[in-house]
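A.B. asks: I'm passing along target_24.cif; it holds mmCIF, C-alpha atoms and all ligand atoms.
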data_input
#
loop_
_atom_site.group_PDB
_atom_site.id
_atom_site.type_symbol
_atom_site.label_atom_id
_atom_site.label_comp_id
_atom_site.auth_asym_id
_atom_site.auth_seq_id
_atom_site.Cartn_x
_atom_site.Cartn_y
_atom_site.Cartn_z
ATOM 1 C CA MET A 179 0.000 0.000 0.000
ATOM 2 C CA PRO A 180 1.440 3.461 -0.859
ATOM 3 C CA THR A 181 2.309 5.566 2.174
ATOM 4 C CA VAL A 182 1.709 9.165 3.181
ATOM 5 C CA LEU A 183 4.116 10.620 5.735
ATOM 6 C CA ILE A 184 2.466 12.671 8.506
ATOM 7 C CA LEU A 185 5.208 14.845 9.918
ATOM 8 C CA ASN A 186 4.884 17.049 12.999
ATOM 9 C CA GLY A 187 7.551 19.430 14.259
ATOM 10 C CA PRO A 188 8.489 21.082 17.538
ATOM 11 C CA ASN A 189 6.099 21.171 20.489
ATOM 12 C CA LEU A 190 3.295 19.431 18.622
ATOM 13 C CA ASN A 191 3.745 16.530 21.052
ATOM 14 C CA LEU A 192 2.030 18.924 23.528
ATOM 15 C CA LEU A 193 -1.190 19.044 21.489
ATOM 16 C CA GLY A 194 -4.315 18.595 23.593
ATOM 17 C CA THR A 195 -2.471 19.182 26.853
ATOM 18 C CA ARG A 196 -2.155 23.014 26.829
ATOM 19 C CA ARG A 197 -3.486 26.070 24.932
ATOM 20 C CA PRO A 198 -6.793 24.406 23.854
ATOM 21 C CA GLU A 199 -8.142 27.873 22.936
ATOM 22 C CA VAL A 200 -5.579 27.991 20.086
ATOM 23 C CA TYR A 201 -4.904 24.348 19.183
ATOM 24 C CA GLY A 202 -8.027 22.502 20.420
ATOM 25 C CA SER A 203 -8.155 19.558 22.784
ATOM 26 C CA THR A 204 -7.207 16.689 20.452
ATOM 27 C CA THR A 205 -3.925 15.000 21.379
ATOM 28 C CA LEU A 206 -1.198 14.173 18.868
ATOM 29 C CA ALA A 207 -1.941 10.452 19.302
ATOM 30 C CA GLU A 208 -5.576 11.164 18.376
ATOM 31 C CA VAL A 209 -4.553 13.264 15.349
ATOM 32 C CA GLU A 210 -2.341 10.412 14.185
ATOM 33 C CA ALA A 211 -5.187 7.890 14.644
ATOM 34 C CA LEU A 212 -7.468 10.190 12.600
ATOM 35 C CA CYS A 213 -4.836 10.369 9.844
ATOM 36 C CA ARG A 214 -4.383 6.577 9.797
ATOM 37 C CA GLU A 215 -8.161 6.044 9.454
ATOM 38 C CA GLU A 216 -8.581 8.649 6.730
ATOM 39 C CA ALA A 217 -5.543 7.446 4.790
ATOM 40 C CA GLU A 218 -6.781 3.861 4.929
ATOM 41 C CA ARG A 219 -10.144 4.941 3.454
ATOM 42 C CA LEU A 220 -8.181 6.277 0.485
ATOM 43 C CA GLY A 221 -6.041 3.159 0.147
ATOM 44 C CA LEU A 222 -2.997 4.727 1.779
ATOM 45 C CA GLU A 223 -0.941 3.882 4.838
ATOM 46 C CA ALA A 224 -0.193 6.869 7.095
ATOM 47 C CA VAL A 225 3.293 6.773 8.604
ATOM 48 C CA CYS A 226 3.343 9.216 11.537
ATOM 49 C CA ARG A 227 6.440 10.926 12.944
ATOM 50 C CA GLN A 228 7.056 13.836 15.348
ATOM 51 C CA SER A 229 10.317 15.491 16.346
ATOM 52 C CA ASN A 230 11.431 18.620 18.166
ATOM 53 C CA HIS A 231 14.728 18.541 16.213
ATOM 54 C CA GLU A 232 15.196 20.304 12.889
ATOM 55 C CA GLY A 233 17.849 17.901 11.559
ATOM 56 C CA GLN A 234 15.657 14.885 12.245
ATOM 57 C CA LEU A 235 12.838 16.514 10.254
ATOM 58 C CA VAL A 236 15.304 17.190 7.398
ATOM 59 C CA ASP A 237 16.332 13.502 7.423
ATOM 60 C CA TRP A 238 12.714 12.333 7.263
ATOM 61 C CA ILE A 239 11.970 14.672 4.325
ATOM 62 C CA HIS A 240 14.989 13.216 2.492
ATOM 63 C CA GLU A 241 13.763 9.673 3.183
ATOM 64 C CA ALA A 242 10.293 10.613 1.895
ATOM 65 C CA GLY A 243 11.958 11.886 -1.289
ATOM 66 C CA VAL A 244 13.614 8.496 -1.844
ATOM 67 C CA GLU A 245 10.321 6.677 -1.150
ATOM 68 C CA HIS A 246 8.432 9.031 -3.489
ATOM 69 C CA LYS A 247 10.920 8.496 -6.304
ATOM 70 C CA ALA A 248 10.480 4.723 -5.876
ATOM 71 C CA GLY A 249 6.694 5.151 -6.141
ATOM 72 C CA ARG A 250 6.053 4.023 -2.576
ATOM 73 C CA CYS A 251 5.079 7.371 -0.974
ATOM 74 C CA VAL A 252 2.517 9.889 -2.314
ATOM 75 C CA GLY A 253 3.914 12.759 -0.263
ATOM 76 C CA VAL A 254 4.159 14.467 3.089
ATOM 77 C CA VAL A 255 1.615 16.250 5.297
ATOM 78 C CA PHE A 256 3.841 18.582 7.281
ATOM 79 C CA ASN A 257 3.147 20.781 10.278
ATOM 80 C CA ALA A 258 6.616 22.168 10.913
ATOM 81 C CA GLY A 259 5.441 24.215 13.925
ATOM 82 C CA ALA A 260 7.663 27.211 14.676
ATOM 83 C CA TYR A 261 10.347 25.980 12.202
ATOM 84 C CA THR A 262 7.895 27.087 9.493
ATOM 85 C CA HIS A 263 8.875 30.672 10.290
ATOM 86 C CA THR A 264 12.622 30.156 10.708
ATOM 87 C CA SER A 265 13.969 27.204 8.762
ATOM 88 C CA VAL A 266 15.874 27.636 5.515
ATOM 89 C CA ALA A 267 17.097 24.048 6.096
ATOM 90 C CA LEU A 268 13.559 22.657 5.817
ATOM 91 C CA HIS A 269 12.879 24.822 2.750
ATOM 92 C CA ASP A 270 16.009 23.401 1.097
ATOM 93 C CA ALA A 271 15.168 19.822 2.188
ATOM 94 C CA ILE A 272 11.721 19.976 0.565
ATOM 95 C CA GLU A 273 13.138 21.510 -2.608
ATOM 96 C CA GLY A 274 16.002 18.987 -2.715
ATOM 97 C CA ALA A 275 13.917 15.903 -1.933
ATOM 98 C CA ASP A 276 11.468 16.766 -4.713
ATOM 99 C CA VAL A 277 8.513 15.248 -2.848
ATOM 100 C CA PRO A 278 5.011 16.806 -2.718
ATOM 101 C CA VAL A 279 4.530 18.440 0.681
ATOM 102 C CA VAL A 280 1.306 19.907 2.038
ATOM 103 C CA GLU A 281 2.012 22.509 4.710
ATOM 104 C CA VAL A 282 -0.541 22.348 7.532
ATOM 105 C CA HIS A 283 -1.254 24.721 10.398
ATOM 106 C CA ILE A 284 -3.914 24.008 12.975
ATOM 107 C CA SER A 285 -4.401 27.688 13.762
ATOM 108 C CA ASN A 286 -4.886 30.487 11.229
ATOM 109 C CA VAL A 287 -1.352 31.837 11.444
ATOM 110 C CA HIS A 288 -2.399 34.976 9.515
ATOM 111 C CA ARG A 289 -4.736 36.033 12.329
ATOM 112 C CA ARG A 290 -1.918 35.751 14.844
ATOM 113 C CA GLU A 291 1.376 37.555 15.569
ATOM 114 C CA GLU A 292 3.180 39.019 12.573
ATOM 115 C CA PHE A 293 6.187 36.685 13.013
ATOM 116 C CA ARG A 294 3.856 33.772 12.131
ATOM 117 C CA HIS A 295 2.794 35.338 8.815
ATOM 118 C CA HIS A 296 5.925 34.372 6.925
ATOM 119 C CA SER A 297 6.598 30.756 5.972
ATOM 120 C CA TYR A 298 9.863 29.447 4.539
ATOM 121 C CA LEU A 299 7.967 26.329 3.447
ATOM 122 C CA SER A 300 5.055 27.808 1.467
ATOM 123 C CA PRO A 301 7.109 28.600 -1.671
ATOM 124 C CA VAL A 302 8.172 24.932 -1.960
ATOM 125 C CA ALA A 303 4.901 23.354 -0.753
ATOM 126 C CA ARG A 304 2.492 21.603 -3.130
ATOM 127 C CA GLY A 305 -0.386 23.089 -1.126
ATOM 128 C CA ILE A 306 -1.230 24.773 2.160
ATOM 129 C CA VAL A 307 -4.029 24.161 4.697
ATOM 130 C CA VAL A 308 -4.371 26.737 7.443
ATOM 131 C CA GLY A 309 -6.844 27.405 10.237
ATOM 132 C CA PHE A 310 -9.171 24.382 10.150
ATOM 133 C CA GLY A 311 -7.944 22.872 13.398
ATOM 134 C CA VAL A 312 -6.770 19.264 13.327
ATOM 135 C CA TYR A 313 -9.231 18.580 10.482
ATOM 136 C CA GLY A 314 -6.588 20.293 8.326
ATOM 137 C CA TYR A 315 -4.553 17.066 8.396
ATOM 138 C CA VAL A 316 -7.512 15.180 6.870
ATOM 139 C CA LEU A 317 -7.944 17.864 4.193
ATOM 140 C CA ALA A 318 -4.240 17.680 3.398
ATOM 141 C CA ILE A 319 -4.328 13.878 2.990
ATOM 142 C CA HIS A 320 -7.253 14.259 0.567
ATOM 143 C CA GLY A 321 -5.421 17.019 -1.307
ATOM 144 C CA LEU A 322 -2.286 14.903 -1.720
ATOM 145 C CA HIS A 323 -4.336 11.876 -2.767
ATOM 146 C CA GLN A 324 -6.119 13.904 -5.484
ATOM 147 C CA ALA A 325 -3.042 15.779 -6.638
ATOM 148 C CA THR A 326 -0.893 12.677 -7.045
ATOM 149 C CA ARG A 327 -3.476 10.361 -8.677
ATOM 150 C CA PRO A 328 -2.384 9.014 -12.055
HETATM 151 O O1 LIG A 401 -1.014 26.410 14.022
HETATM 152 C C1 LIG A 401 -0.102 25.579 13.903
HETATM 153 O O2 LIG A 401 -0.305 24.393 13.613
HETATM 154 C C2 LIG A 401 1.349 25.980 14.186
HETATM 155 O O3 LIG A 401 2.179 25.316 13.244
HETATM 156 C C3 LIG A 401 1.655 25.517 15.591
HETATM 157 C C4 LIG A 401 3.034 25.959 16.089
HETATM 158 C C5 LIG A 401 3.240 27.464 15.866
HETATM 159 O O4 LIG A 401 4.570 27.827 16.219
HETATM 160 C C6 LIG A 401 2.967 27.866 14.433
HETATM 161 O O5 LIG A 401 3.123 29.268 14.318
HETATM 162 C C7 LIG A 401 1.563 27.480 14.024
HETATM 163 C C8 LIG A 401 3.187 25.677 17.587
HETATM 164 C C9 LIG A 401 2.961 24.252 17.968
HETATM 165 C C10 LIG A 401 2.986 24.163 19.460
HETATM 166 O O6 LIG A 401 1.853 23.460 19.870
HETATM 167 C C11 LIG A 401 1.495 23.525 21.189
HETATM 168 C C12 LIG A 401 0.415 22.781 21.548
HETATM 169 C C13 LIG A 401 -0.009 22.814 22.850
HETATM 170 C C14 LIG A 401 0.655 23.590 23.781
HETATM 171 C C15 LIG A 401 1.745 24.337 23.415
HETATM 172 C C16 LIG A 401 2.174 24.298 22.105
#
Since I need it in another form, could you write the structure as structure tokens?
Ligand code: CA2

C.D. replies:
Amino acid sequence: MPTVLILNGPNLNLLGTRRPEVYGSTTLAEVEALCREEAERLGLEAVCRQSNHEGQLVDWIHEAGVEHKAGRCVGVVFNAGAYTHTSVALHDAIEGADVPVVEVHISNVHRREEFRHHSYLSPVARGIVVGFGVYGYVLAIHGLHQATRP
């Protein structure tokens, strides 16, 4: 079964434990379960990873690139957390790996502080889903599935 990589960056392991007014009350484990179910409905296997470390995220993007090239991975659903607004390394990894990436944000970053308005990932993303809470991950899986169908 082709895979879709669900990648979460720094502090997203805290989902559902704090700041429910911004990020809701769903935990990361529940988000991942939701992604697995939705992916399976579309004939995909969701592989879920989370890290607080930029280099680890870079490595996983590279691996997804290899899997994509081999026809085993349709792409990546990526919430890079705060690295979205800082990381040239993740921008370069996505560009270099040549794998479709959908950038996801649970909150509407454009309604928040100005430092959240700029994304280093958006220019190299296949698509962007912002502000729909954790349902954004489901939308992103559907988007990738549609966009990469033969
Ligand atoms: O809205 C999003 O999904 C963000 O990517 C979340 C990041 C933030 O830095 C981005 O600007 C927007 C923060 C993730 C931290 O999540 C927490 C969850 C619960 C408690 C504390 C942090």

A.B. asks: Would you mind reading off the distance between atom CA of Arg219 of chain A and atom CA of Thr326 of chain A, one decimal, in Å?

C.D. replies: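 Computed distance, atom CA of Arg219 of chain A to atom CA of Thr326 of chain A, equals 16.0 Å.
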
A.B. asks: For ligand LIG 401 (chain A), return the neighbouring residues as a PyMOL selection string (distance at most 8 Å; all atoms listed in the file).

C.D. replies: chain A and resi 187-198+200-201+257-263+282-287+294+308-309+311

A.B. asks: When distances are computed from only C-alpha atoms, which of A:Glu232, A:Glu216, A:Glu281, A:Glu241 shows the smallest separation from Phe256 of chain A?

C.D. replies: A:Glu281

A.B. asks: Counting only C-alpha atoms, write as a list in words all protein and nucleic acid residues lying at most 7 Å from (8.8, 24.7, -2.4) in the file's frame.

C.D. replies: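 Looking at atoms near the point gives His269, Ile272, Glu273, Leu299, Ser300, Pro301, Val302 and Ala303 of chain A.
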
A.B. asks: A:Val316, A:Leu206, A:Leu268, A:Ala224: which is nearest Asn186 of chain A, counting all atoms listed in the file?

C.D. replies: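 Counting all atoms listed in the file, the residue closest to Asn186 of chain A is A:Leu206.
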
A.B. asks: If we count only C-alpha atoms, what is near Val277 of chain A at a cut-off of 9 Å, once residues fewer than 2 positions away on the same chain are taken out, given as number ranges by chain?

C.D. replies: A: 239-240, 242-247, 251-254, 272-275, 279, 304

A.B. asks: Any chance you can output those residues with C-alpha atoms as a PDB file, in the frame of the given file?

C.D. replies:
ATOM      1  CA  ILE A 239      11.970  14.672   4.325  1.00  0.00           C
ATOM      2  CA  HIS A 240      14.989  13.216   2.492  1.00  0.00           C
ATOM      3  CA  ALA A 242      10.293  10.613   1.895  1.00  0.00           C
ATOM      4  CA  GLY A 243      11.958  11.886  -1.289  1.00  0.00           C
ATOM      5  CA  VAL A 244      13.614   8.496  -1.844  1.00  0.00           C
ATOM      6  CA  GLU A 245      10.321   6.677  -1.150  1.00  0.00           C
ATOM      7  CA  HIS A 246       8.432   9.031  -3.489  1.00  0.00           C
ATOM      8  CA  LYS A 247      10.920   8.496  -6.304  1.00  0.00           C
ATOM      9  CA  CYS A 251       5.079   7.371  -0.974  1.00  0.00           C
ATOM     10  CA  VAL A 252       2.517   9.889  -2.314  1.00  0.00           C
ATOM     11  CA  GLY A 253       3.914  12.759  -0.263  1.00  0.00           C
ATOM     12  CA  VAL A 254       4.159  14.467   3.089  1.00  0.00           C
ATOM     13  CA  ILE A 272      11.721  19.976   0.565  1.00  0.00           C
ATOM     14  CA  GLU A 273      13.138  21.510  -2.608  1.00  0.00           C
ATOM     15  CA  GLY A 274      16.002  18.987  -2.715  1.00  0.00           C
ATOM     16  CA  ALA A 275      13.917  15.903  -1.933  1.00  0.00           C
ATOM     17  CA  VAL A 279       4.530  18.440   0.681  1.00  0.00           C
ATOM     18  CA  ARG A 304       2.492  21.603  -3.130  1.00  0.00           C
TER      19      ARG A 304
END

A.B. asks: Under the rule that all atoms listed in the file are counted, which of A:Ile184, A:Ile306, A:Val255, A:Ile319 is the nearest residue to Leu220 of chain A?

C.D. replies: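 Among A:Ile184, A:Ile306, A:Val255, A:Ile319, it is A:Ile319 that comes nearest to Leu220 of chain A.
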